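As stored in data_28.cif (mmCIF, C-alpha atoms and all ligand atoms; chains and numbers go by the auth columns):
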data_upload
#
loop_
_atom_site.group_PDB
_atom_site.id
_atom_site.type_symbol
_atom_site.label_atom_id
_atom_site.label_comp_id
_atom_site.label_asym_id
_atom_site.label_seq_id
_atom_site.Cartn_x
_atom_site.Cartn_y
_atom_site.Cartn_z
_atom_site.B_iso_or_equiv
_atom_site.auth_seq_id
_atom_site.auth_asym_id
ATOM 1 C CA MET A 1 132.921 82.674 101.089 0.00 11 A
ATOM 2 C CA VAL A 2 130.314 83.674 103.665 0.00 12 A
ATOM 3 C CA ALA A 3 130.739 87.313 104.672 0.00 13 A
ATOM 4 C CA GLU A 4 130.313 88.583 108.236 0.00 14 A
ATOM 5 C CA LEU A 5 128.305 91.722 108.644 0.00 15 A
ATOM 6 C CA VAL A 6 127.550 93.532 111.898 0.00 16 A
ATOM 7 C CA PHE A 7 124.100 95.021 112.423 0.00 17 A
ATOM 8 C CA ALA A 8 124.692 97.872 114.892 0.00 18 A
ATOM 9 C CA THR A 9 121.831 96.939 117.201 0.00 19 A
ATOM 10 C CA ASN A 10 121.085 94.859 120.256 0.00 20 A
ATOM 11 C CA ASN A 11 117.371 94.885 119.572 0.00 21 A
ATOM 12 C CA LYS A 12 116.534 91.174 119.187 0.00 22 A
ATOM 13 C CA HIS A 13 113.308 91.910 117.359 0.00 23 A
ATOM 14 C CA LYS A 14 115.145 93.928 114.697 0.00 24 A
ATOM 15 C CA LEU A 15 117.869 91.283 114.380 0.00 25 A
ATOM 16 C CA GLU A 16 115.337 88.533 113.736 0.00 26 A
ATOM 17 C CA GLU A 17 113.463 90.700 111.248 0.00 27 A
ATOM 18 C CA VAL A 18 116.673 91.305 109.324 0.00 28 A
ATOM 19 C CA ARG A 19 117.910 87.699 109.559 0.00 29 A
ATOM 20 C CA HIS A 20 114.591 86.632 108.070 0.00 30 A
ATOM 21 C CA ILE A 21 115.025 88.795 104.983 0.00 31 A
ATOM 22 C CA ILE A 22 118.739 88.963 104.419 0.00 32 A
ATOM 23 C CA SER A 23 120.566 86.500 102.209 0.00 33 A
ATOM 24 C CA ASP A 24 121.856 83.357 103.911 0.00 34 A
ATOM 25 C CA ARG A 25 125.259 84.114 102.446 0.00 35 A
ATOM 26 C CA VAL A 26 125.724 86.824 105.098 0.00 36 A
ATOM 27 C CA ILE A 27 126.463 85.943 108.719 0.00 37 A
ATOM 28 C CA LEU A 28 124.725 88.638 110.701 0.00 38 A
ATOM 29 C CA LEU A 29 126.392 89.642 113.981 0.00 39 A
ATOM 30 C CA SER A 30 124.885 91.851 116.678 0.00 40 A
ATOM 31 C CA LEU A 31 126.767 94.331 118.863 0.00 41 A
ATOM 32 C CA ALA A 32 126.741 91.732 121.645 0.00 42 A
ATOM 33 C CA ASP A 33 128.361 89.210 119.275 0.00 43 A
ATOM 34 C CA ILE A 34 131.366 91.532 118.835 0.00 44 A
ATOM 35 C CA ASN A 35 131.450 92.485 122.537 0.00 45 A
ATOM 36 C CA CYS A 36 130.493 96.066 121.839 0.00 46 A
ATOM 37 C CA CYS A 37 128.825 97.718 124.824 0.00 47 A
ATOM 38 C CA ASP A 38 129.472 101.270 123.631 0.00 48 A
ATOM 39 C CA ASP A 39 126.858 103.944 123.962 0.00 49 A
ATOM 40 C CA ILE A 40 127.031 104.975 120.316 0.00 50 A
ATOM 41 C CA PRO A 41 126.156 108.657 119.868 0.00 51 A
ATOM 42 C CA GLU A 42 123.056 109.579 117.881 0.00 52 A
ATOM 43 C CA THR A 43 123.709 113.295 117.777 0.00 53 A
ATOM 44 C CA ALA A 44 123.128 114.064 114.076 0.00 54 A
ATOM 45 C CA GLY A 45 120.143 116.120 112.985 0.00 55 A
ATOM 46 C CA THR A 46 119.004 113.654 110.317 0.00 56 A
ATOM 47 C CA LEU A 47 118.188 109.951 110.094 0.00 57 A
ATOM 48 C CA GLU A 48 120.946 109.580 107.487 0.00 58 A
ATOM 49 C CA GLY A 49 123.453 111.292 109.784 0.00 59 A
ATOM 50 C CA ASN A 50 122.610 109.107 112.780 0.00 60 A
ATOM 51 C CA ALA A 51 122.719 105.864 110.781 0.00 61 A
ATOM 52 C CA LEU A 52 126.139 106.874 109.398 0.00 62 A
ATOM 53 C CA LEU A 53 127.426 107.877 112.855 0.00 63 A
ATOM 54 C CA LYS A 54 126.588 104.445 114.226 0.00 64 A
ATOM 55 C CA ALA A 55 127.992 102.483 111.269 0.00 65 A
ATOM 56 C CA ARG A 56 131.206 104.559 111.181 0.00 66 A
ATOM 57 C CA HIS A 57 131.713 104.019 114.918 0.00 67 A
ATOM 58 C CA ILE A 58 131.601 100.233 114.496 0.00 68 A
ATOM 59 C CA LYS A 59 133.858 100.270 111.456 0.00 69 A
ATOM 60 C CA ARG A 60 136.396 102.557 113.136 0.00 70 A
ATOM 61 C CA GLN A 61 136.454 100.894 116.568 0.00 71 A
ATOM 62 C CA TYR A 62 135.937 97.246 115.632 0.00 72 A
ATOM 63 C CA GLY A 63 136.934 96.999 111.966 0.00 73 A
ATOM 64 C CA TYR A 64 133.836 95.139 110.833 0.00 74 A
ATOM 65 C CA ASP A 65 131.810 95.755 107.711 0.00 75 A
ATOM 66 C CA CYS A 66 128.490 96.811 109.159 0.00 76 A
ATOM 67 C CA PHE A 67 125.193 98.584 108.839 0.00 77 A
ATOM 68 C CA ALA A 68 123.059 100.684 111.159 0.00 78 A
ATOM 69 C CA ASP A 69 119.505 101.983 110.949 0.00 79 A
ATOM 70 C CA ASP A 70 117.592 104.983 112.163 0.00 80 A
ATOM 71 C CA THR A 71 113.850 105.556 111.942 0.00 81 A
ATOM 72 C CA GLY A 72 111.520 108.474 112.421 0.00 82 A
ATOM 73 C CA LEU A 73 107.844 109.328 112.154 0.00 83 A
ATOM 74 C CA GLU A 74 107.487 112.350 109.848 0.00 84 A
ATOM 75 C CA VAL A 75 104.209 114.244 110.162 0.00 85 A
ATOM 76 C CA GLU A 76 103.356 116.629 107.329 0.00 86 A
ATOM 77 C CA ALA A 77 101.387 119.155 109.407 0.00 87 A
ATOM 78 C CA LEU A 78 104.262 119.349 111.930 0.00 88 A
ATOM 79 C CA ASN A 79 106.982 120.078 109.357 0.00 89 A
ATOM 80 C CA ASN A 80 108.105 116.435 109.505 0.00 90 A
ATOM 81 C CA ALA A 81 108.418 116.345 113.312 0.00 91 A
ATOM 82 C CA PRO A 82 109.075 114.307 115.369 0.00 92 A
ATOM 83 C CA GLY A 83 111.372 112.821 112.689 0.00 93 A
ATOM 84 C CA VAL A 84 114.870 112.134 113.943 0.00 94 A
ATOM 85 C CA TYR A 85 113.681 112.988 117.482 0.00 95 A
ATOM 86 C CA SER A 86 110.877 110.371 117.503 0.00 96 A
ATOM 87 C CA ALA A 87 112.309 108.312 120.389 0.00 97 A
ATOM 88 C CA ARG A 88 112.574 111.342 122.681 0.00 98 A
ATOM 89 C CA TYR A 89 109.755 113.572 121.395 0.00 99 A
ATOM 90 C CA ALA A 90 108.320 114.095 124.891 0.00 100 A
ATOM 91 C CA GLY A 91 111.824 114.505 126.364 0.00 101 A
ATOM 92 C CA GLU A 92 114.626 112.190 127.499 0.00 102 A
ATOM 93 C CA GLY A 93 113.436 109.419 129.777 0.00 103 A
ATOM 94 C CA ASN A 94 109.863 109.532 128.521 0.00 104 A
ATOM 95 C CA ASP A 95 108.165 106.516 127.034 0.00 105 A
ATOM 96 C CA ALA A 96 106.087 105.751 123.952 0.00 106 A
ATOM 97 C CA SER A 97 102.913 106.664 125.753 0.00 107 A
ATOM 98 C CA ALA A 98 104.192 110.172 126.560 0.00 108 A
ATOM 99 C CA ASN A 99 105.427 110.588 122.972 0.00 109 A
ATOM 100 C CA MET A 100 102.008 109.654 121.563 0.00 110 A
ATOM 101 C CA LYS A 101 100.251 111.935 124.042 0.00 111 A
ATOM 102 C CA LYS A 102 102.369 114.868 122.868 0.00 112 A
ATOM 103 C CA LEU A 103 101.812 113.969 119.210 0.00 113 A
ATOM 104 C CA LEU A 104 98.025 113.733 119.576 0.00 114 A
ATOM 105 C CA CYS A 105 98.021 117.031 121.434 0.00 115 A
ATOM 106 C CA LYS A 106 100.047 118.770 118.683 0.00 116 A
ATOM 107 C CA MET A 107 97.691 117.285 116.074 0.00 117 A
ATOM 108 C CA GLN A 108 94.519 118.584 117.711 0.00 118 A
ATOM 109 C CA GLY A 109 92.449 120.473 115.159 0.00 119 A
ATOM 110 C CA LYS A 110 94.768 119.619 112.235 0.00 120 A
ATOM 111 C CA GLU A 111 92.950 118.551 109.099 0.00 121 A
ATOM 112 C CA ASN A 112 96.046 117.233 107.362 0.00 122 A
ATOM 113 C CA ARG A 113 96.944 114.064 109.247 0.00 123 A
ATOM 114 C CA ASN A 114 99.358 112.671 106.633 0.00 124 A
ATOM 115 C CA ALA A 115 102.442 111.019 108.073 0.00 125 A
ATOM 116 C CA ARG A 116 105.073 108.522 107.134 0.00 126 A
ATOM 117 C CA PHE A 117 107.575 106.282 108.809 0.00 127 A
ATOM 118 C CA ARG A 118 110.999 106.513 107.221 0.00 128 A
ATOM 119 C CA THR A 119 113.904 104.165 107.907 0.00 129 A
ATOM 120 C CA VAL A 120 117.417 104.861 106.693 0.00 130 A
ATOM 121 C CA ILE A 121 120.092 102.162 106.679 0.00 131 A
ATOM 122 C CA ALA A 122 123.767 103.093 106.358 0.00 132 A
ATOM 123 C CA LEU A 123 126.004 100.285 105.121 0.00 133 A
ATOM 124 C CA ILE A 124 129.798 100.334 105.206 0.00 134 A
ATOM 125 C CA ILE A 125 131.308 97.555 103.198 0.00 135 A
ATOM 126 C CA LYS A 126 134.837 97.334 101.871 0.00 136 A
ATOM 127 C CA ASP A 127 135.336 100.951 103.040 0.00 137 A
ATOM 128 C CA LYS A 128 132.514 102.310 100.903 0.00 138 A
ATOM 129 C CA GLU A 129 129.342 103.851 102.326 0.00 139 A
ATOM 130 C CA TYR A 130 125.828 103.263 100.990 0.00 140 A
ATOM 131 C CA LEU A 131 122.407 104.509 102.120 0.00 141 A
ATOM 132 C CA PHE A 132 119.092 102.669 101.760 0.00 142 A
ATOM 133 C CA GLU A 133 115.621 103.969 102.565 0.00 143 A
ATOM 134 C CA GLY A 134 112.203 102.519 103.325 0.00 144 A
ATOM 135 C CA ILE A 135 109.045 104.620 103.565 0.00 145 A
ATOM 136 C CA ILE A 136 105.470 103.778 104.468 0.00 146 A
ATOM 137 C CA ASN A 137 102.828 106.467 104.062 0.00 147 A
ATOM 138 C CA GLY A 138 99.802 106.729 106.284 0.00 148 A
ATOM 139 C CA SER A 139 98.083 108.977 108.777 0.00 149 A
ATOM 140 C CA VAL A 140 98.016 109.836 112.457 0.00 150 A
ATOM 141 C CA ILE A 141 94.600 108.924 113.855 0.00 151 A
ATOM 142 C CA THR A 142 92.931 110.887 116.645 0.00 152 A
ATOM 143 C CA GLU A 143 93.210 108.333 119.447 0.00 153 A
ATOM 144 C CA LYS A 144 95.235 105.195 120.198 0.00 154 A
ATOM 145 C CA ARG A 145 94.002 101.881 118.818 0.00 155 A
ATOM 146 C CA GLY A 146 95.521 98.416 119.321 0.00 156 A
ATOM 147 C CA GLU A 147 97.968 96.766 121.674 0.00 157 A
ATOM 148 C CA ALA A 148 100.671 95.170 119.514 0.00 158 A
ATOM 149 C CA GLY A 149 103.986 96.617 118.386 0.00 159 A
ATOM 150 C CA PHE A 150 105.817 99.507 119.950 0.00 160 A
ATOM 151 C CA GLY A 151 106.482 103.229 119.629 0.00 161 A
ATOM 152 C CA TYR A 152 103.824 105.101 117.680 0.00 162 A
ATOM 153 C CA ASP A 153 102.112 101.943 116.336 0.00 163 A
ATOM 154 C CA PRO A 154 98.736 102.602 118.071 0.00 164 A
ATOM 155 C CA VAL A 155 98.318 106.013 116.378 0.00 165 A
ATOM 156 C CA PHE A 156 99.672 105.213 112.887 0.00 166 A
ATOM 157 C CA MET A 157 97.381 103.829 110.185 0.00 167 A
ATOM 158 C CA PRO A 158 99.182 102.867 106.974 0.00 168 A
ATOM 159 C CA SER A 159 97.539 103.969 103.705 0.00 169 A
ATOM 160 C CA GLY A 160 95.260 101.298 102.226 0.00 170 A
ATOM 161 C CA TYR A 161 94.512 99.678 105.612 0.00 171 A
ATOM 162 C CA MET A 162 91.747 100.219 108.160 0.00 172 A
ATOM 163 C CA GLN A 163 93.912 99.031 111.063 0.00 173 A
ATOM 164 C CA THR A 164 96.704 100.776 112.908 0.00 174 A
ATOM 165 C CA PHE A 165 100.105 99.079 113.052 0.00 175 A
ATOM 166 C CA ALA A 166 99.225 98.110 116.643 0.00 176 A
ATOM 167 C CA GLU A 167 95.974 96.453 115.531 0.00 177 A
ATOM 168 C CA MET A 168 97.397 94.512 112.597 0.00 178 A
ATOM 169 C CA GLY A 169 100.102 92.719 114.586 0.00 179 A
ATOM 170 C CA GLY A 170 103.652 91.786 113.752 0.00 180 A
ATOM 171 C CA GLU A 171 103.265 89.435 110.822 0.00 181 A
ATOM 172 C CA LEU A 172 101.548 91.848 108.448 0.00 182 A
ATOM 173 C CA LYS A 173 103.382 94.887 109.805 0.00 183 A
ATOM 174 C CA ASN A 174 106.749 93.236 109.230 0.00 184 A
ATOM 175 C CA GLN A 175 105.871 92.627 105.590 0.00 185 A
ATOM 176 C CA ILE A 176 104.869 96.185 104.767 0.00 186 A
ATOM 177 C CA SER A 177 106.794 98.343 107.227 0.00 187 A
ATOM 178 C CA HIS A 178 109.324 101.088 106.535 0.00 188 A
ATOM 179 C CA ARG A 179 112.004 98.921 108.161 0.00 189 A
ATOM 180 C CA ALA A 180 111.108 95.867 106.051 0.00 190 A
ATOM 181 C CA LEU A 181 111.283 97.994 102.890 0.00 191 A
ATOM 182 C CA ALA A 182 114.701 99.406 103.810 0.00 192 A
ATOM 183 C CA ILE A 183 116.000 95.950 104.725 0.00 193 A
ATOM 184 C CA LYS A 184 114.775 94.557 101.403 0.00 194 A
ATOM 185 C CA GLU A 185 116.712 97.318 99.607 0.00 195 A
ATOM 186 C CA LEU A 186 119.808 96.315 101.569 0.00 196 A
ATOM 187 C CA ALA A 187 119.226 92.601 100.914 0.00 197 A
ATOM 188 C CA THR A 188 118.827 93.199 97.182 0.00 198 A
ATOM 189 C CA PHE A 189 122.052 95.192 97.145 0.00 199 A
ATOM 190 C CA LEU A 190 123.949 92.486 99.018 0.00 200 A
ATOM 191 C CA SER A 191 122.675 89.716 96.785 0.00 201 A
ATOM 192 C CA THR A 192 123.352 91.511 93.497 0.00 202 A
ATOM 193 C CA ASN A 193 126.565 93.302 94.338 0.00 203 A
ATOM 194 C CA PRO A 194 130.090 91.962 93.954 0.00 204 A
ATOM 195 C CA HIS A 195 131.172 93.684 97.227 0.00 205 A
ATOM 196 C CA LYS A 196 129.793 90.989 99.459 0.00 206 A
HETATM 197 P P1 LIG B . 114.817 103.493 115.920 0.00 301 A
HETATM 198 O O1 LIG B . 115.714 104.340 115.089 0.00 301 A
HETATM 199 O O2 LIG B . 114.411 102.209 115.233 0.00 301 A
HETATM 200 O O3 LIG B . 115.341 103.265 117.306 0.00 301 A
HETATM 201 O O4 LIG B . 113.447 104.296 116.082 0.00 301 A
HETATM 202 C C1 LIG B . 113.397 105.568 116.709 0.00 301 A
HETATM 203 C C2 LIG B . 112.000 105.782 117.259 0.00 301 A
HETATM 204 O O5 LIG B . 111.046 105.821 116.180 0.00 301 A
HETATM 205 C C3 LIG B . 111.488 104.679 118.182 0.00 301 A
HETATM 206 O O6 LIG B . 111.890 104.901 119.507 0.00 301 A
HETATM 207 C C4 LIG B . 109.980 104.796 118.020 0.00 301 A
HETATM 208 O O7 LIG B . 109.482 105.851 118.812 0.00 301 A
HETATM 209 C C5 LIG B . 109.831 105.195 116.564 0.00 301 A
HETATM 210 N N1 LIG B . 109.636 104.001 115.716 0.00 301 A
HETATM 211 C C6 LIG B . 110.578 103.397 114.946 0.00 301 A
HETATM 212 N N2 LIG B . 110.044 102.348 114.293 0.00 301 A
HETATM 213 C C7 LIG B . 108.745 102.278 114.678 0.00 301 A
HETATM 214 C C8 LIG B . 107.684 101.399 114.351 0.00 301 A
HETATM 215 O O8 LIG B . 107.798 100.436 113.572 0.00 301 A
HETATM 216 N N3 LIG B . 106.488 101.674 114.928 0.00 301 A
HETATM 217 C C9 LIG B . 106.298 102.701 115.789 0.00 301 A
HETATM 218 N N4 LIG B . 107.258 103.536 116.139 0.00 301 A
HETATM 219 C C10 LIG B . 108.486 103.344 115.581 0.00 301 A
#
Show me the file's structure as structure tokens.
Ligand code: IMP
Amino acid sequence: MVAELVFATNNKHKLEEVRHIISDRVILLSLADINCCDDIPETAGTLEGNALLKARHIKRQYGYDCFADDTGLEVEALNNAPGVYSARYAGEGNDASANMKKLLCKMQGKENRNARFRTVIALIIKDKEYLFEGIINGSVITEKRGEAGFGYDPVFMPSGYMQTFAEMGGELKNQISHRALAIKELATFLSTNPHK
């Protein structure tokens, strides 16, 4: 039997990325597909907490097996900030450009530029909860480079590459990214586990 699984997102780009990787034995539904227009709270202080909040909301309100993700940029010299606050680092209502401006300002004069993107996926299936993680290490460069992608892509250079995420473009980024790694963990679980 083909199982239905809700991905707690309406981000089309993320949905396609996941559909591409995930086993064809799972029918992936978006929030729009289940008529969910809720503003799901992301009030936890950790990526794990926020991913669980979102997945639990869908399970409780709509009854579907589901998963949700949360991602943050963790910068070593800033005690892992912006982390869970990555989307609103420069304050609510600010955009990626303001977030990067604040980050580059905070990083002025720092020798240690190590950073990583970390994605956590919370899965609720048959009333059990599971967490998956994807990490890509790299560094925060000193000024923006590249046009592709979103968020902090122009200032993040993954280890082993001479291009930022924004310079390398979607195809390569989607193979090596934090999100791709977390999704692969989830896909492996779903394809090898009797729960599905
Ligand atoms: P979300 O949990 O996927 O919504 O990500 C939270 C925030 O982290 C986003 O608003 C971005 O600022 C940042 N972020 C997440 N993934 C990426 C990425 O692949 N590149 C750059 N920034 C990202």
So that I can see what lies close to Leu88 (chain A), please list as a list in words the residues with an atom at most 10 Å from it, counting only C-alpha atoms and leaving out residues fewer than 5 positions away in the same chain.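 With the cut-off at 10 Å, the set is Gly93, Leu113, Lys116, Met117, Lys120, Asn122, Arg123, Asn124 and Ala125 of chain A.
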Go ahead and write the selection's residues with C-alpha atoms as a tab-separated table (two decimals), keeping the file's coordinate frame.
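Contents of selection19.tsv, as written:
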chain	number	residue	atom	x	y	z
A	93	GLY	CA	111.37	112.82	112.69
A	113	LEU	CA	101.81	113.97	119.21
A	116	LYS	CA	100.05	118.77	118.68
A	117	MET	CA	97.69	117.28	116.07
A	120	LYS	CA	94.77	119.62	112.24
A	122	ASN	CA	96.05	117.23	107.36
A	123	ARG	CA	96.94	114.06	109.25
A	124	ASN	CA	99.36	112.67	106.63
A	125	ALA	CA	102.44	111.02	108.07
Taking all atoms listed in the file into account, name the residue in A:Arg98, A:Lys194, A:Lys138, A:Arg29 that is nearest to ligand LIG 301 (chain A).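 Of A:Arg98, A:Lys194, A:Lys138, A:Arg29, the one nearest ligand LIG 301 (chain A), counting all atoms listed in the file, is A:Arg98.
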Which chain A residues have any atom within 8 Å of an atom of ligand LIG 301 (chain A), and for each, what is the nearest pair of atoms with distance in Å to one decimal, counting all atoms listed in the file, rows sorted by chain and number, as JSON lines?
{"residue": "A:Leu57", "atom": "CA", "partner": "A:LIG301", "partner_atom": "O1", "distance": 7.9}
{"residue": "A:Asp79", "atom": "CA", "partner": "A:LIG301", "partner_atom": "O1", "distance": 6.1}
{"residue": "A:Asp80", "atom": "CA", "partner": "A:LIG301", "partner_atom": "O1", "distance": 3.5}
{"residue": "A:Thr81", "atom": "CA", "partner": "A:LIG301", "partner_atom": "O1", "distance": 3.9}
{"residue": "A:Gly82", "atom": "CA", "partner": "A:LIG301", "partner_atom": "O5", "distance": 4.6}
{"residue": "A:Leu83", "atom": "CA", "partner": "A:LIG301", "partner_atom": "O5", "distance": 6.2}
{"residue": "A:Gly93", "atom": "CA", "partner": "A:LIG301", "partner_atom": "O5", "distance": 7.8}
{"residue": "A:Val94", "atom": "CA", "partner": "A:LIG301", "partner_atom": "C1", "distance": 7.3}
{"residue": "A:Tyr95", "atom": "CA", "partner": "A:LIG301", "partner_atom": "C2", "distance": 7.4}
{"residue": "A:Ser96", "atom": "CA", "partner": "A:LIG301", "partner_atom": "C2", "distance": 4.7}
{"residue": "A:Ala97", "atom": "CA", "partner": "A:LIG301", "partner_atom": "O6", "distance": 3.5}
{"residue": "A:Arg98", "atom": "CA", "partner": "A:LIG301", "partner_atom": "O6", "distance": 7.2}
{"residue": "A:Ala106", "atom": "CA", "partner": "A:LIG301", "partner_atom": "O7", "distance": 6.2}
{"residue": "A:Asn109", "atom": "CA", "partner": "A:LIG301", "partner_atom": "O7", "distance": 7.5}
{"residue": "A:Phe127", "atom": "CA", "partner": "A:LIG301", "partner_atom": "N2", "distance": 7.2}
{"residue": "A:Thr129", "atom": "CA", "partner": "A:LIG301", "partner_atom": "O1", "distance": 7.4}
{"residue": "A:Gly159", "atom": "CA", "partner": "A:LIG301", "partner_atom": "N3", "distance": 6.6}
{"residue": "A:Phe160", "atom": "CA", "partner": "A:LIG301", "partner_atom": "C9", "distance": 5.3}
{"residue": "A:Gly161", "atom": "CA", "partner": "A:LIG301", "partner_atom": "N4", "distance": 3.6}
{"residue": "A:Tyr162", "atom": "CA", "partner": "A:LIG301", "partner_atom": "C9", "distance": 3.9}
{"residue": "A:Asp163", "atom": "CA", "partner": "A:LIG301", "partner_atom": "C9", "distance": 4.3}
{"residue": "A:Pro164", "atom": "CA", "partner": "A:LIG301", "partner_atom": "C9", "distance": 7.9}
{"residue": "A:Phe166", "atom": "CA", "partner": "A:LIG301", "partner_atom": "C9", "distance": 7.7}
{"residue": "A:Phe175", "atom": "CA", "partner": "A:LIG301", "partner_atom": "N3", "distance": 7.1}
{"residue": "A:Ser187", "atom": "CA", "partner": "A:LIG301", "partner_atom": "O8", "distance": 6.8}
{"residue": "A:His188", "atom": "CA", "partner": "A:LIG301", "partner_atom": "O8", "distance": 7.2}
{"residue": "A:Arg189", "atom": "CA", "partner": "A:LIG301", "partner_atom": "O8", "distance": 7.0}
Next, the residues of the selection above should be written as a PDB file, in the coordinates of the input with C-alpha atoms.
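result-v2.pdb was written with the following content:
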ATOM      1  CA  LEU A  57     118.188 109.951 110.094  1.00  0.00           C
ATOM      2  CA  ASP A  79     119.505 101.983 110.949  1.00  0.00           C
ATOM      3  CA  ASP A  80     117.592 104.983 112.163  1.00  0.00           C
ATOM      4  CA  THR A  81     113.850 105.556 111.942  1.00  0.00           C
ATOM      5  CA  GLY A  82     111.520 108.474 112.421  1.00  0.00           C
ATOM      6  CA  LEU A  83     107.844 109.328 112.154  1.00  0.00           C
ATOM      7  CA  GLY A  93     111.372 112.821 112.689  1.00  0.00           C
ATOM      8  CA  VAL A  94     114.870 112.134 113.943  1.00  0.00           C
ATOM      9  CA  TYR A  95     113.681 112.988 117.482  1.00  0.00           C
ATOM     10  CA  SER A  96     110.877 110.371 117.503  1.00  0.00           C
ATOM     11  CA  ALA A  97     112.309 108.312 120.389  1.00  0.00           C
ATOM     12  CA  ARG A  98     112.574 111.342 122.681  1.00  0.00           C
ATOM     13  CA  ALA A 106     106.087 105.751 123.952  1.00  0.00           C
ATOM     14  CA  ASN A 109     105.427 110.588 122.972  1.00  0.00           C
ATOM     15  CA  PHE A 127     107.575 106.282 108.809  1.00  0.00           C
ATOM     16  CA  THR A 129     113.904 104.165 107.907  1.00  0.00           C
ATOM     17  CA  GLY A 159     103.986  96.617 118.386  1.00  0.00           C
ATOM     18  CA  PHE A 160     105.817  99.507 119.950  1.00  0.00           C
ATOM     19  CA  GLY A 161     106.482 103.229 119.629  1.00  0.00           C
ATOM     20  CA  TYR A 162     103.824 105.101 117.680  1.00  0.00           C
ATOM     21  CA  ASP A 163     102.112 101.943 116.336  1.00  0.00           C
ATOM     22  CA  PRO A 164      98.736 102.602 118.071  1.00  0.00           C
ATOM     23  CA  PHE A 166      99.672 105.213 112.887  1.00  0.00           C
ATOM     24  CA  PHE A 175     100.105  99.079 113.052  1.00  0.00           C
ATOM     25  CA  SER A 187     106.794  98.343 107.227  1.00  0.00           C
ATOM     26  CA  HIS A 188     109.324 101.088 106.535  1.00  0.00           C
ATOM     27  CA  ARG A 189     112.004  98.921 108.161  1.00  0.00           C
TER      28      ARG A 189
END
What is the CA of His23 (chain A) to CA of Glu86 (chain A) distance in Å?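 According to the coordinates, CA of His23 (chain A) and CA of Glu86 (chain A) are separated by 28.5 Å.
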How many Å lie between CA of Gln185 (chain A) and CA of His30 (chain A), rounded to one decimal?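 Here the two named atoms are 10.9 Å from each other.
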Apply the PyMOL selection byres (((chain A and resi 48-51) around 12) and not hetatm) to the file shown and report the selected residues as a PyMOL selection string. chain A and resi 18-20+41-42+44-47+52-55+59-68+71-72+78
A:Asp75, A:Glu195, A:Glu58, A:Glu14: which is nearest Gly144 (chain A), counting all atoms listed in the file?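 With all atoms listed in the file as the atom set, the closest residue is A:Glu195.
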Written as number ranges by chain, which residues does the PyMOL selection byres (((chain A and resi 170) around 12) and not hetatm) give for the file shown? A: 146-149, 167-169, 171-174, 186
Have a look at A:Gln118, A:Thr56, A:Asn203, A:Ser107 and name the one nearest to Ala91 (chain A); count all atoms listed in the file.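 Looking only at the distances to Ala91 (chain A), the closest residue turns out to be A:Thr56.
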Identify which of the residues A:Leu196, A:Leu25, A:Ile151, A:Leu182 lies closest to Ile134 (chain A), counting all atoms listed in the file when measuring atom-to-atom distances. A:Leu196
CA of Ala100 (chain A) to CA of Asn21 (chain A), distance in Å rounded to a single decimal: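 Those two atoms sit 21.9 Å apart.
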How would you write as a list in words the residues that get within 10 Å of (113.3, 87.5, 105.1) in the file's frame, counting only C-alpha atoms?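 Within the cut-off we find Glu26, Glu27, Val28, Arg29, His30, Ile31, Ile32, Ser33, Asp34, Asn184, Gln185, Ala190, Ile193, Lys194 and Ala197 of chain A.
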Under the rule that all atoms listed in the file are counted, which of A:Arg70, A:Glu177, A:Cys76, A:Pro92 is the nearest residue to Leu38 (chain A)?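 For Leu38 (chain A), the nearest of the given residues is A:Cys76.
Closest to Lys69 (chain A) among A:Glu153, A:Asp137, A:Glu181, A:Glu143 is A:Asp137, based on only C-alpha atoms.
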Centre and edge lengths of an axis-aligned box around all listed atoms of region 37-53 of chain A, with 6 Å added on each side, are to be given in Å to one decimal, as lines of an AutoDock Vina configuration file.
center_x = 127.3
center_y = 99.6
center_z = 116.8
size_x = 20.4
size_y = 39.4
size_z = 28.1
